[in-house]
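Participant: Structure file data16.csv (CSV, C-alpha atoms and all ligand atoms) right here:
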chain,number,residue,atom,x,y,z
A,1,LEU,CA,-21.6,11.3,-25.2
A,2,SER,CA,-23.1,10.5,-21.8
A,3,ALA,CA,-21.9,12.3,-18.7
A,4,THR,CA,-18.4,11.3,-17.6
A,5,ILE,CA,-16.0,11.6,-14.7
A,6,LEU,CA,-12.8,13.5,-15.4
A,7,ALA,CA,-9.6,12.0,-13.9
A,8,LEU,CA,-6.3,14.0,-14.0
A,9,ASP,CA,-2.8,12.9,-13.2
A,10,PHE,CA,-0.3,15.7,-12.6
A,11,GLY,CA,3.1,13.8,-12.7
A,12,GLY,CA,6.5,15.3,-12.3
A,13,THR,CA,7.5,14.8,-15.9
A,14,LYS,CA,4.2,13.9,-17.7
A,15,HIS,CA,0.5,14.7,-17.4
A,16,ALA,CA,-2.5,12.6,-18.2
A,17,ALA,CA,-6.2,13.2,-18.4
A,18,ALA,CA,-9.0,10.6,-18.9
A,19,ILE,CA,-12.7,10.3,-18.9
A,20,ALA,CA,-14.8,7.3,-17.8
A,21,ALA,CA,-18.5,6.9,-17.2
A,22,PRO,CA,-19.5,6.1,-13.6
A,23,GLY,CA,-19.5,2.3,-13.1
A,24,GLU,CA,-17.6,1.6,-16.3
A,25,ARG,CA,-14.1,0.1,-16.0
A,26,GLN,CA,-12.8,1.2,-19.3
A,27,TRP,CA,-11.7,4.7,-20.4
A,28,ARG,CA,-13.8,6.5,-22.9
A,29,ALA,CA,-10.6,8.4,-23.9
A,30,VAL,CA,-7.2,9.2,-22.5
A,31,ARG,CA,-4.8,12.1,-23.4
A,32,ARG,CA,-1.2,12.4,-22.3
A,33,ALA,CA,1.4,15.2,-22.6
A,34,PRO,CA,5.0,15.6,-21.4
A,35,ALA,CA,5.7,18.4,-19.0
A,36,PRO,CA,8.0,20.6,-21.0
A,37,PRO,CA,11.4,21.7,-19.4
A,38,GLY,CA,10.9,25.0,-17.6
A,39,ALA,CA,7.3,24.2,-16.7
A,40,ASP,CA,5.8,25.9,-13.6
A,41,ALA,CA,2.5,25.4,-11.8
A,42,ASN,CA,0.7,27.8,-14.2
A,43,SER,CA,1.9,26.0,-17.3
A,44,ASP,CA,1.1,22.6,-15.8
A,45,ILE,CA,-2.4,23.7,-15.1
A,46,ARG,CA,-2.9,25.2,-18.6
A,47,THR,CA,-1.5,21.9,-20.2
A,48,MET,CA,-3.9,19.8,-18.1
A,49,ILE,CA,-7.0,22.0,-18.8
A,50,ALA,CA,-6.1,21.8,-22.6
A,51,LEU,CA,-5.9,18.0,-22.4
A,52,ALA,CA,-9.2,17.8,-20.5
A,53,ARG,CA,-10.9,20.1,-23.1
A,54,GLU,CA,-9.8,17.8,-25.9
A,55,LEU,CA,-11.6,15.0,-24.1
A,56,LEU,CA,-14.7,17.0,-23.0
A,57,SER,CA,-15.0,19.7,-25.7
A,58,SER,CA,-17.6,22.0,-24.2
A,59,ALA,CA,-19.4,19.4,-22.0
A,60,SER,CA,-19.1,19.5,-18.2
A,61,PRO,CA,-17.9,16.4,-16.4
A,62,LEU,CA,-19.9,15.0,-13.4
A,63,ALA,CA,-16.9,15.6,-11.1
A,64,VAL,CA,-13.1,15.8,-11.2
A,65,GLY,CA,-10.7,13.5,-9.3
A,66,VAL,CA,-7.0,14.4,-9.3
A,67,SER,CA,-3.7,12.7,-8.5
A,68,PHE,CA,-0.9,15.2,-7.8
A,69,GLY,CA,2.7,14.3,-7.7
A,70,GLY,CA,3.6,15.8,-4.4
A,71,PRO,CA,2.2,16.4,-0.9
A,72,VAL,CA,-1.3,17.8,-0.7
A,73,ASP,CA,-3.1,19.4,2.2
A,74,THR,CA,-6.5,17.8,1.6
A,75,GLU,CA,-8.2,19.5,4.5
A,76,ARG,CA,-7.4,23.0,3.2
A,77,GLY,CA,-7.6,21.9,-0.4
A,78,VAL,CA,-4.1,23.2,-1.3
A,79,VAL,CA,-1.0,21.7,-2.8
A,80,ARG,CA,2.0,21.9,-0.4
A,81,LEU,CA,4.7,21.7,-3.1
A,82,SER,CA,6.0,19.8,-6.1
A,83,HIS,CA,9.5,18.2,-5.8
A,84,HIS,CA,9.8,18.7,-9.6
A,85,VAL,CA,8.0,21.8,-10.7
A,86,PRO,CA,8.3,25.3,-9.1
A,87,GLY,CA,5.3,27.5,-8.1
A,88,TRP,CA,3.0,24.9,-6.6
A,89,GLU,CA,3.3,26.0,-3.0
A,90,GLY,CA,-0.2,26.8,-1.6
A,91,VAL,CA,-2.0,26.5,-5.0
A,92,SER,CA,-5.7,25.8,-4.5
A,93,LEU,CA,-5.9,23.2,-7.3
A,94,PRO,CA,-9.4,22.0,-6.4
A,95,ARG,CA,-10.8,25.5,-6.5
A,96,ILE,CA,-9.1,26.3,-9.8
A,97,LEU,CA,-10.6,23.1,-11.4
A,98,GLU,CA,-14.0,23.8,-9.9
A,99,GLN,CA,-14.0,27.2,-11.5
A,100,GLU,CA,-12.9,25.8,-14.8
A,101,PHE,CA,-15.3,22.9,-15.0
A,102,GLY,CA,-18.2,24.1,-12.8
A,103,VAL,CA,-18.3,20.9,-10.8
A,104,ARG,CA,-16.7,19.6,-7.6
A,105,ALA,CA,-13.0,18.5,-7.7
A,106,ALA,CA,-11.0,16.4,-5.2
A,107,VAL,CA,-7.2,16.4,-5.2
A,108,ASP,CA,-4.8,14.1,-3.3
A,109,ASN,CA,-1.2,12.9,-3.3
A,110,ASP,CA,-0.3,10.5,-6.1
A,111,ALA,CA,0.6,7.5,-3.9
A,112,ASN,CA,-2.6,7.9,-1.9
A,113,VAL,CA,-4.7,8.2,-5.1
A,114,ALA,CA,-2.9,5.2,-6.7
A,115,ALA,CA,-3.6,3.2,-3.5
A,116,LEU,CA,-7.3,4.1,-3.7
A,117,GLY,CA,-7.3,3.2,-7.5
A,118,GLU,CA,-5.8,-0.3,-6.7
A,119,TYR,CA,-8.3,-0.7,-3.9
A,120,ARG,CA,-11.4,0.1,-5.9
A,121,PHE,CA,-10.4,-1.2,-9.4
A,122,GLY,CA,-7.2,-3.1,-9.2
A,123,ALA,CA,-5.3,-5.7,-7.0
A,124,GLY,CA,-7.2,-4.7,-3.9
A,125,GLN,CA,-10.7,-5.3,-5.0
A,126,GLY,CA,-12.7,-7.0,-2.3
A,127,CYS,CA,-10.4,-6.3,0.6
A,128,ARG,CA,-11.0,-3.8,3.4
A,129,SER,CA,-7.5,-2.4,3.9
A,130,LEU,CA,-4.3,-2.2,2.0
A,131,LEU,CA,-0.9,-0.7,2.0
A,132,TYR,CA,0.2,0.4,-1.5
A,133,ILE,CA,3.9,0.9,-2.2
A,134,THR,CA,5.4,2.2,-5.5
A,135,VAL,CA,9.1,1.6,-6.0
A,136,SER,CA,10.7,3.5,-8.9
A,137,THR,CA,12.9,6.6,-8.8
A,138,GLY,CA,11.7,7.0,-5.2
A,139,VAL,CA,9.5,5.0,-2.8
A,140,GLY,CA,6.0,6.2,-2.2
A,141,GLY,CA,3.2,4.7,-0.2
A,142,GLY,CA,-0.4,5.1,0.8
A,143,TRP,CA,-2.9,3.4,3.1
A,144,VAL,CA,-6.5,2.6,2.4
A,145,LEU,CA,-8.3,1.6,5.6
A,146,ASP,CA,-11.9,0.6,5.7
A,147,GLY,CA,-12.3,1.9,2.2
A,148,ARG,CA,-10.9,5.4,2.7
A,149,ILE,CA,-7.5,6.9,2.2
A,150,TRP,CA,-5.8,7.3,5.6
A,151,HIS,CA,-4.1,10.7,5.7
A,152,GLY,CA,-2.9,10.9,9.3
A,153,ALA,CA,-2.7,13.9,11.5
A,154,ASP,CA,-0.4,15.9,9.2
A,155,GLY,CA,-1.5,14.4,5.9
A,156,MET,CA,1.8,12.5,5.8
A,157,ALA,CA,0.6,8.9,6.4
A,158,GLY,CA,2.0,6.2,4.1
A,159,GLU,CA,5.6,7.6,3.8
A,160,ILE,CA,7.1,4.1,4.1
A,161,GLY,CA,9.9,5.3,1.9
A,162,HIS,CA,11.3,7.3,4.8
A,163,THR,CA,11.1,4.6,7.5
A,164,THR,CA,14.6,3.8,8.7
A,165,VAL,CA,15.7,0.3,7.7
A,166,ASP,CA,19.4,0.7,8.3
A,167,PRO,CA,20.6,3.7,10.5
A,168,ASN,CA,24.1,3.3,9.0
A,169,GLY,CA,22.8,3.2,5.5
A,170,PRO,CA,23.2,5.7,2.6
A,171,LEU,CA,22.0,9.3,2.8
A,172,CYS,CA,18.4,9.7,1.7
A,173,PRO,CA,17.2,12.8,-0.2
A,174,CYS,CA,15.1,13.6,2.9
A,175,GLY,CA,18.3,14.1,4.9
A,176,LYS,CA,18.2,10.9,7.0
A,177,LYS,CA,20.3,7.8,6.7
A,178,GLY,CA,19.2,4.4,5.6
A,179,CYS,CA,15.6,5.1,4.7
A,180,LEU,CA,13.9,2.4,2.6
A,181,GLU,CA,14.1,4.8,-0.4
A,182,SER,CA,17.9,5.0,-0.1
A,183,LEU,CA,18.1,1.2,-0.1
A,184,ALA,CA,15.4,0.1,-2.7
A,185,ALA,CA,14.7,3.0,-5.1
A,186,GLY,CA,16.0,2.5,-8.7
A,187,PRO,CA,18.8,5.1,-8.6
A,188,PHE,CA,20.1,3.9,-5.3
A,189,VAL,CA,20.1,0.3,-6.4
A,190,ALA,CA,22.0,1.3,-9.5
A,191,ARG,CA,24.5,3.2,-7.4
A,192,ALA,CA,24.9,0.2,-5.0
A,193,ALA,CA,25.8,-2.0,-8.0
A,194,GLN,CA,28.2,0.6,-9.4
A,195,GLU,CA,30.0,0.8,-6.0
A,196,GLN,CA,30.2,-3.0,-5.8
A,197,LEU,CA,31.6,-3.2,-9.3
A,198,THR,CA,34.3,-0.6,-8.4
A,199,GLU,CA,35.1,-2.3,-5.1
A,200,HIS,CA,35.2,-5.9,-6.5
A,201,PRO,CA,36.9,-5.8,-9.9
A,202,GLY,CA,36.4,-9.1,-11.6
A,203,GLU,CA,33.0,-9.6,-10.2
A,204,GLY,CA,29.7,-8.8,-11.9
A,205,ARG,CA,31.1,-9.6,-15.4
A,206,LEU,CA,27.7,-10.2,-16.9
A,207,LEU,CA,26.4,-6.9,-15.6
A,208,LEU,CA,29.4,-5.0,-16.8
A,209,ASP,CA,29.0,-6.7,-20.3
A,210,LEU,CA,25.4,-5.7,-20.5
A,211,ALA,CA,26.4,-2.1,-19.6
A,212,GLY,CA,28.8,-2.1,-22.5
A,213,GLY,CA,31.8,-2.2,-20.1
A,214,LYS,CA,30.8,1.2,-18.6
A,215,ILE,CA,30.0,1.2,-14.9
A,216,GLU,CA,28.2,4.5,-15.1
A,217,GLU,CA,25.7,2.9,-17.6
A,218,VAL,CA,24.4,0.4,-15.1
A,219,THR,CA,20.7,0.6,-14.6
A,220,PRO,CA,18.2,-1.3,-12.5
A,221,LYS,CA,16.9,-3.0,-15.7
A,222,LEU,CA,20.4,-4.3,-16.5
A,223,ILE,CA,20.9,-5.4,-12.9
A,224,SER,CA,17.7,-7.4,-13.1
A,225,ASP,CA,18.7,-9.0,-16.5
A,226,ALA,CA,22.2,-9.9,-15.1
A,227,ALA,CA,20.7,-11.4,-11.9
A,228,GLU,CA,18.3,-13.5,-14.1
A,229,GLY,CA,21.4,-14.6,-16.0
A,230,GLY,CA,23.1,-15.8,-12.8
A,231,ASP,CA,25.3,-12.8,-12.1
A,232,ASP,CA,26.3,-13.0,-8.4
A,233,LEU,CA,27.0,-9.4,-7.8
A,234,SER,CA,23.7,-8.3,-9.3
A,235,ARG,CA,21.8,-10.9,-7.2
A,236,ARG,CA,23.5,-9.6,-4.0
A,237,VAL,CA,22.5,-6.0,-4.9
A,238,LEU,CA,18.9,-6.9,-5.7
A,239,ASP,CA,18.6,-9.2,-2.6
A,240,ALA,CA,19.7,-6.3,-0.4
A,241,ALA,CA,17.0,-4.1,-1.9
A,242,ALA,CA,14.4,-6.8,-1.5
A,243,GLN,CA,15.4,-7.4,2.1
A,244,ALA,CA,15.0,-3.6,2.8
A,245,LEU,CA,11.5,-3.7,1.3
A,246,GLY,CA,10.7,-6.9,3.2
A,247,ARG,CA,11.8,-5.4,6.5
A,248,ALA,CA,9.8,-2.2,6.0
A,249,ILE,CA,6.7,-4.2,4.9
A,250,GLY,CA,6.9,-6.6,7.8
A,251,ASN,CA,7.2,-3.7,10.3
A,252,ALA,CA,4.3,-1.9,8.7
A,253,ALA,CA,2.2,-5.1,8.8
A,254,ASN,CA,3.0,-5.5,12.5
A,255,LEU,CA,1.6,-2.0,13.1
A,256,VAL,CA,-1.5,-2.0,11.0
A,257,ASN,CA,-2.1,-5.6,9.9
A,258,PRO,CA,-3.6,-4.8,6.5
A,259,ASP,CA,-5.4,-7.4,4.3
A,260,LEU,CA,-3.0,-6.8,1.5
A,261,VAL,CA,0.3,-5.1,0.5
A,262,VAL,CA,0.3,-4.0,-3.2
A,263,LEU,CA,3.6,-3.3,-4.8
A,264,GLY,CA,3.9,-1.3,-8.0
A,265,GLY,CA,6.5,0.8,-9.9
A,266,GLY,CA,9.3,0.0,-12.3
A,267,MET,CA,11.6,-1.7,-9.7
A,268,MET,CA,8.9,-4.4,-9.2
A,269,ASN,CA,9.9,-5.8,-12.7
A,270,SER,CA,13.1,-7.1,-11.1
A,271,GLY,CA,12.1,-10.8,-11.4
A,272,ASP,CA,10.8,-13.7,-9.4
A,273,ARG,CA,13.8,-13.9,-7.1
A,274,PHE,CA,13.3,-10.2,-6.1
A,275,TRP,CA,9.6,-10.9,-5.2
A,276,LYS,CA,10.4,-14.1,-3.4
A,277,GLU,CA,13.0,-12.4,-1.2
A,278,ILE,CA,10.6,-9.5,-0.4
A,279,ARG,CA,7.9,-12.0,0.6
A,280,ARG,CA,10.4,-14.1,2.7
A,281,VAL,CA,11.7,-11.2,4.7
A,282,SER,CA,8.2,-9.6,5.1
A,283,CYS,CA,7.0,-12.8,6.7
A,284,GLU,CA,10.2,-13.2,8.7
A,285,THR,CA,9.9,-9.6,10.1
A,286,ALA,CA,6.2,-9.8,10.9
A,287,LEU,CA,4.8,-11.7,13.8
A,288,PRO,CA,3.9,-15.3,13.0
A,289,GLN,CA,0.3,-14.7,13.8
A,290,LEU,CA,0.1,-12.1,10.9
A,291,ARG,CA,-0.6,-13.1,7.4
A,292,VAL,CA,1.4,-10.7,5.1
A,293,GLU,CA,0.1,-11.0,1.6
A,294,VAL,CA,2.2,-9.2,-0.9
A,295,VAL,CA,0.9,-8.9,-4.5
A,296,PRO,CA,1.7,-7.0,-7.7
A,297,ALA,CA,-0.2,-3.8,-8.5
A,298,ALA,CA,-2.8,-4.4,-11.3
A,299,LEU,CA,-3.2,-1.0,-12.8
A,300,GLY,CA,0.4,0.0,-13.7
A,301,ASN,CA,0.9,3.6,-14.5
A,302,GLU,CA,-2.9,4.1,-14.7
A,303,ALA,CA,-3.4,3.6,-11.0
A,304,PRO,CA,-3.4,7.4,-10.3
A,305,LEU,CA,-6.0,8.0,-13.0
A,306,TRP,CA,-8.3,5.2,-11.8
A,307,GLY,CA,-7.8,6.5,-8.3
A,308,GLY,CA,-9.0,9.9,-9.6
A,309,VAL,CA,-12.2,8.2,-10.8
A,310,ALA,CA,-12.6,6.7,-7.3
A,311,LEU,CA,-12.2,10.1,-5.7
A,312,ALA,CA,-14.8,11.6,-8.1
A,313,GLU,CA,-17.1,8.7,-7.4
A,314,GLU,CA,-16.7,9.5,-3.6
A,315,ILE,CA,-17.8,13.1,-4.4
A,316,LEU,CA,-20.8,11.8,-6.3
A,317,GLY,CA,-21.8,9.4,-3.5
A,318,LEU,CA,-21.1,6.4,-5.7
A,319,ALA,CA,-18.3,4.8,-3.7
A,320,SER,CA,-19.6,1.5,-2.2
A,401,ZN,ZN,14.3,9.4,3.6
I'd like the structure from this file rewritten - as structure tokens, please.
Facilitator:
Amino acid sequence: LSATILALDFGGTKHAAAIAAPGERQWRAVRRAPAPPGADANSDIRTMIALARELLSSASPLAVGVSFGGPVDTERGVVRLSHHVPGWEGVSLPRILEQEFGVRAAVDNDANVAALGEYRFGAGQGCRSLLYITVSTGVGGGWVLDGRIWHGADGMAGEIGHTTVDPNGPLCPCGKKGCLESLAAGPFVARAAQEQLTEHPGEGRLLLDLAGGKIEEVTPKLISDAAEGGDDLSRRVLDAAAQALGRAIGNAANLVNPDLVVLGGGMMNSGDRFWKEIRRVSCETALPQLRVEVVPAALGNEAPLWGGVALAEEILGLAS
């Protein structure tokens, strides 16, 4: 086995480890494990090291690149916190991994790492700058500018999910109203459809049928299926989410004018109409002199792992 890079993805509910040789674009091997209920930072780290040891046995990797599902202070090399798992505050994850594997390790926030993964190995290959947005249970984002992750003064750049789209909109988990996340993330879209079904009895028949007649069983997937089948209520709900995304993207494009906007996450499987509406409103919001190119992510749920490879290649001086 030739020397490989170790990529780690600490997710909120599942962990993944993979190895790849520098320059290769296929995994040598991948291991995944769920984060058990009651997990804390220590058990997460033990789980991840065990996965990595299955891949490496006693060999050392060349370097370690890590995606972490929460904010990371990359200057100090410490995790700020996890929104899912207790005990991560102030943990020096790079140092722990460096001691374990005897090589350098780089850790960054998952949306940033996924952005870098798409830039180097996915939809962003060949461009100079991109905005990556993942729309699933939340809305995360990351900037790659001139080939590097842009962290911003406080390491908080890319938080497009908490840009205000509608000051009178729903309450966001961050405490503000009408953030993009509260208008476009899966659970909020499901809740919007549920409210519409309650307020307009007789509408959304197809959606309600697909949910077995139970409003509380409505999911983003069912809304997308019903919209595809011509359900007006479902189309209205998805259009509103797409318009929120389009506004946020158009505003971001006006500020930074990236080559590309890459969209990933489960909500982006909501059909052609959803994509068309995002693109329409993005262009409508941006100045006419700007080209706003919005494309699907290419790496799916492996974007954070490939971004880990890209981080490790930066450590090794291999990033072009
Ligand atoms: Zn918010």
Participant: Between A:Ala185, A:Leu97, A:Ile45, A:Met267, which residue has the minimum interatomic distance to ligand ZN 401 (chain A), considering all atoms listed in the file?
Facilitator: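 Comparing A:Ala185, A:Leu97, A:Ile45, A:Met267 against ligand ZN 401 (chain A), the winner is A:Ala185.
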Participant: Between A:Val135, A:Val79, A:Leu183, A:Ala21, which residue has the minimum interatomic distance to ligand ZN 401 (chain A), considering only C-alpha atoms and all ligand atoms?
Facilitator: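 Of all the options, A:Leu183 lies closest to ligand ZN 401 (chain A).
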Participant: Could you please extract the residues within 8 Å of ligand ZN 401 (chain A), counting only C-alpha atoms and all ligand atoms, and hand them back as a PDB file with C-alpha atoms, keeping the file's coordinate frame?
Facilitator:
ATOM      1  CA  GLY A 161       9.900   5.300   1.900  1.00  0.00           C
ATOM      2  CA  HIS A 162      11.300   7.300   4.800  1.00  0.00           C
ATOM      3  CA  THR A 163      11.100   4.600   7.500  1.00  0.00           C
ATOM      4  CA  THR A 164      14.600   3.800   8.700  1.00  0.00           C
ATOM      5  CA  LEU A 171      22.000   9.300   2.800  1.00  0.00           C
ATOM      6  CA  CYS A 172      18.400   9.700   1.700  1.00  0.00           C
ATOM      7  CA  PRO A 173      17.200  12.800  -0.200  1.00  0.00           C
ATOM      8  CA  CYS A 174      15.100  13.600   2.900  1.00  0.00           C
ATOM      9  CA  GLY A 175      18.300  14.100   4.900  1.00  0.00           C
ATOM     10  CA  LYS A 176      18.200  10.900   7.000  1.00  0.00           C
ATOM     11  CA  LYS A 177      20.300   7.800   6.700  1.00  0.00           C
ATOM     12  CA  GLY A 178      19.200   4.400   5.600  1.00  0.00           C
ATOM     13  CA  CYS A 179      15.600   5.100   4.700  1.00  0.00           C
ATOM     14  CA  LEU A 180      13.900   2.400   2.600  1.00  0.00           C
ATOM     15  CA  GLU A 181      14.100   4.800  -0.400  1.00  0.00           C
ATOM     16  CA  SER A 182      17.900   5.000  -0.100  1.00  0.00           C
TER      17      SER A 182
END
Participant: Would you mind listing what lies within 12 Å of Thr219 in chain A as a ChimeraX atom specification, with only C-alpha atoms counted and same-chain residues fewer than 3 positions away left out?
Facilitator: /A:136-137,185-194,207-208,210-212,214-216,222-226,234,237-238,266-267,270
Participant: Find the residues of range 147-249 of chain A that sit at most 12 Å from range 101-115 of chain A; for each, write down the nearest two atoms and how far apart they are in Å, to one decimal. Count all atoms listed in the file. Sort by chain, then by number going up, and give it as a tab-separated table.
Facilitator:
residue	atom	partner	partner_atom	distance
A:Gly147	CA	A:Ala115	CA	10.5
A:Arg148	CA	A:Asn112	CA	9.8
A:Ile149	CA	A:Asn112	CA	6.5
A:Trp150	CA	A:Asn112	CA	8.2
A:His151	CA	A:Asn112	CA	8.2
A:Gly152	CA	A:Asn112	CA	11.6
A:Gly155	CA	A:Asn109	CA	9.3
A:Met156	CA	A:Asn109	CA	9.6
A:Ala157	CA	A:Asn112	CA	9.0
A:Gly158	CA	A:Asn112	CA	7.7
A:Glu159	CA	A:Ala111	CA	9.2
A:Ile160	CA	A:Ala111	CA	10.9
A:Gly161	CA	A:Ala111	CA	11.2
Participant: Would you output that residue set with C-alpha atoms, as a PDB file, in the coordinates of the input?
Facilitator:
ATOM      1  CA  GLY A 147     -12.300   1.900   2.200  1.00  0.00           C
ATOM      2  CA  ARG A 148     -10.900   5.400   2.700  1.00  0.00           C
ATOM      3  CA  ILE A 149      -7.500   6.900   2.200  1.00  0.00           C
ATOM      4  CA  TRP A 150      -5.800   7.300   5.600  1.00  0.00           C
ATOM      5  CA  HIS A 151      -4.100  10.700   5.700  1.00  0.00           C
ATOM      6  CA  GLY A 152      -2.900  10.900   9.300  1.00  0.00           C
ATOM      7  CA  GLY A 155      -1.500  14.400   5.900  1.00  0.00           C
ATOM      8  CA  MET A 156       1.800  12.500   5.800  1.00  0.00           C
ATOM      9  CA  ALA A 157       0.600   8.900   6.400  1.00  0.00           C
ATOM     10  CA  GLY A 158       2.000   6.200   4.100  1.00  0.00           C
ATOM     11  CA  GLU A 159       5.600   7.600   3.800  1.00  0.00           C
ATOM     12  CA  ILE A 160       7.100   4.100   4.100  1.00  0.00           C
ATOM     13  CA  GLY A 161       9.900   5.300   1.900  1.00  0.00           C
TER      14      GLY A 161
END
Participant: For each of A:Leu233, A:Val78, A:Ala227, A:Leu311, take the minimum atom-to-atom distance to Glu199 in chain A, counting all atoms listed in the file, then give the residue where this is smallest.
Facilitator: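 When distances to Glu199 in chain A are compared using all atoms listed in the file, the smallest one comes from A:Leu233.
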Participant: Name the closest residue to Ala252 in chain A among the candidates A:Gly141, A:Pro304, A:Pro22, A:Pro61; distances are taken between atoms, counting only C-alpha atoms.
Facilitator: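 With only C-alpha atoms as the atom set, the closest residue is A:Gly141.
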Participant: Could you work out how far CA of Gly250 in chain A lies from CA of Thr285 in chain A, giving the answer in Å with one decimal?
Facilitator: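 For CA of Thr285 in chain A relative to CA of Gly250 in chain A, the distance reads 4.8 Å.
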Participant: Can you work out which one of A:Ile5, A:Ala242, A:Ile96, A:Val261 has the shortest atom-to-atom distance to Ala41 in chain A, counting only C-alpha atoms?
Facilitator: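 Checking each of A:Ile5, A:Ala242, A:Ile96, A:Val261 against Ala41 in chain A, counting only C-alpha atoms, the winner is A:Ile96.
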Participant: By how many Å are CA of Arg25 in chain A and CA of Arg120 in chain A apart?
Facilitator: 10.5 Å
Participant: Grab the CA of Val64 in chain A to CA of Gly264 in chain A distance for me, in Å with one decimal place.
Facilitator: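 Rounded to one decimal, the two atoms are 24.3 Å apart.
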